[in-house]
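Below: one structure, written as structure tokens.
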Amino acid sequence: MTKRGDVVLVDFPFTSGSQSKIRPALVVQNDLSNRRLGKTIVALVTGNLRAVAEPTNLLIDPSLPEHASSGLHGKSLVTCTNLYTIDQVSVIRTIGRLDSAVLARIGSCLRAALAI
């Protein structure tokens with residue numbers, strides 16, 4: 001079972017549906033729903049840092065102590081405008097985890113992305 005804050009690898013299909021690519025994602029769905037449902041909501045993680053200043057994105061730098069447990073190899077953005085509902089069985093594996101302080105900042109990014 002996935003948990004909120006897990007950084008996972010997921011096989012994301014391309015828009016065309018003909019191919020896919022394994023990419024990191026952050027589980028943003030609450031733990032109660034993760035336990036009850038076979039699906040979870042994730043935010044895409046990308047190495048493209050162009051939108052780092054957007055309030056909907058959070059920079060994760062694994063060289064910083066508060067991000068070291070992310071399992072990511074380099075600076076990455078959690079993009080809260082790219083949310084996906086996936087089957088939990090499609091999670092290939094968990095590579096890391098973000099702590100509660102970082103998740104609070106993700107909450108701000110989600111609120112900005114969803115205008116809530």
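Residue numbering restarts at 1 for every chain of the structure tokens, chains are lettered A, B, ... in their displayed order, and ligands are numbered from 1 as they appear.
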
Residues near Asn57 in chain A, cut-off 7 Å, only C-alpha atoms, skip fewer than 5 positions along chain, as a count of residues only: 6

Neighbour list for Ser63 in chain A as a list in words, cut-off 10 Å, only C-alpha atoms, skip fewer than 4 positions in-chain: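 Listing them by chain and then by number gives His67, Ala68, Ser69, Leu72, His73, Gly74 and Lys75 of chain A.
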
Nearest candidate to Tyr84 in chain A (options A:Ala43, A:Val27, A:Leu59, A:Ala104; using only C-alpha atoms):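 Ranking A:Ala43, A:Val27, A:Leu59, A:Ala104 by distance to Tyr84 in chain A, first place goes to A:Ala43.
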
Nearest-residue call for Leu58 in chain A, choices A:Thr94, A:Thr2, A:Ser76, A:Thr85, using only C-alpha atoms: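 Among A:Thr94, A:Thr2, A:Ser76, A:Thr85, it is A:Ser76 that comes nearest to Leu58 in chain A.
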
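If only C-alpha atoms are the atoms counted, then among A:Val28, A:Arg23, A:Val102, A:Ser18 the closest residue to Glu66 in chain A is A:Val102.
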
DSSP-assigned strand (DSSP E) among chain A, expressed as a PyMOL selection string: chain A and resi 6-13+20-27+39-46+57-60+76-87+91-97

Residues flagged helix (DSSP H, G or I) by DSSP in range 47-86 of chain A, as a list in words: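 Helix (DSSP H, G or I) members of range 47-86 of chain A, listed: Pro65, Glu66, His67, Ala68, Ser69 and Ser70 of chain A.
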
Residue contacts of Val8 in chain A (7 Å, only C-alpha atoms) excluding same-chain residues fewer than 3 positions away, as a ChimeraX atom specification: /A:24-26,91,93-95

Would you write out those residues with C-alpha atoms, as an mmCIF file, in the first residue's frame?
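Output below, filename selection-v2.cif:
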```cif
data_model
loop_
_atom_site.group_PDB
_atom_site.id
_atom_site.type_symbol
_atom_site.label_atom_id
_atom_site.label_comp_id
_atom_site.auth_asym_id
_atom_site.auth_seq_id
_atom_site.Cartn_x
_atom_site.Cartn_y
_atom_site.Cartn_z
ATOM 1 C CA PRO A 24 8.855 9.282 -10.476
ATOM 2 C CA ALA A 25 5.709 10.609 -8.833
ATOM 3 C CA LEU A 26 4.660 11.760 -5.377
ATOM 4 C CA VAL A 91 3.423 1.460 -8.684
ATOM 5 C CA ARG A 93 8.335 0.548 -6.318
ATOM 6 C CA THR A 94 8.785 3.200 -3.665
ATOM 7 C CA ILE A 95 12.129 4.978 -3.972
#
```

Arg35 in chain A surroundings by only C-alpha atoms, 12 Å radius, close-in-sequence under 4 positions cut, as an MDAnalysis selection string: chainID A and resid 1:4 29:31 39:40 88

Once you have the residues from the selection above, write them out as a JSON list (two decimals), in the first residue's frame, restricted to C-alpha atoms.
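Written output follows (again.json):
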```json
[["chain", "number", "residue", "atom", "x", "y", "z"],
["A", 1, "MET", "CA", 0.00, 0.00, 0.00],
["A", 2, "THR", "CA", 1.23, 3.46, -0.86],
["A", 3, "LYS", "CA", 1.32, 6.25, 1.69],
["A", 4, "ARG", "CA", 1.03, 10.01, 1.34],
["A", 29, "GLN", "CA", -3.73, 11.14, -1.64],
["A", 30, "ASN", "CA", -4.51, 10.74, 2.08],
["A", 31, "ASP", "CA", -3.58, 7.49, 3.82],
["A", 39, "LYS", "CA", -6.30, 3.69, -6.63],
["A", 40, "THR", "CA", -4.19, 6.61, -5.48],
["A", 88, "GLN", "CA", -1.83, 1.19, -6.74]]
```

Counting only C-alpha atoms, the residue of A:Ser20, A:Thr81, A:Pro13, A:Leu44 that sits nearest Arg111 in chain A: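 Of the candidates, the smallest distance to Arg111 in chain A is held by A:Thr81.
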
Distance of CA of Ile22 in chain A from CA of Ile92 in chain A, expressed in Å to one decimal place: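 If I compute the distance from CA of Ile92 in chain A to CA of Ile22 in chain A, I get 8.6 Å.
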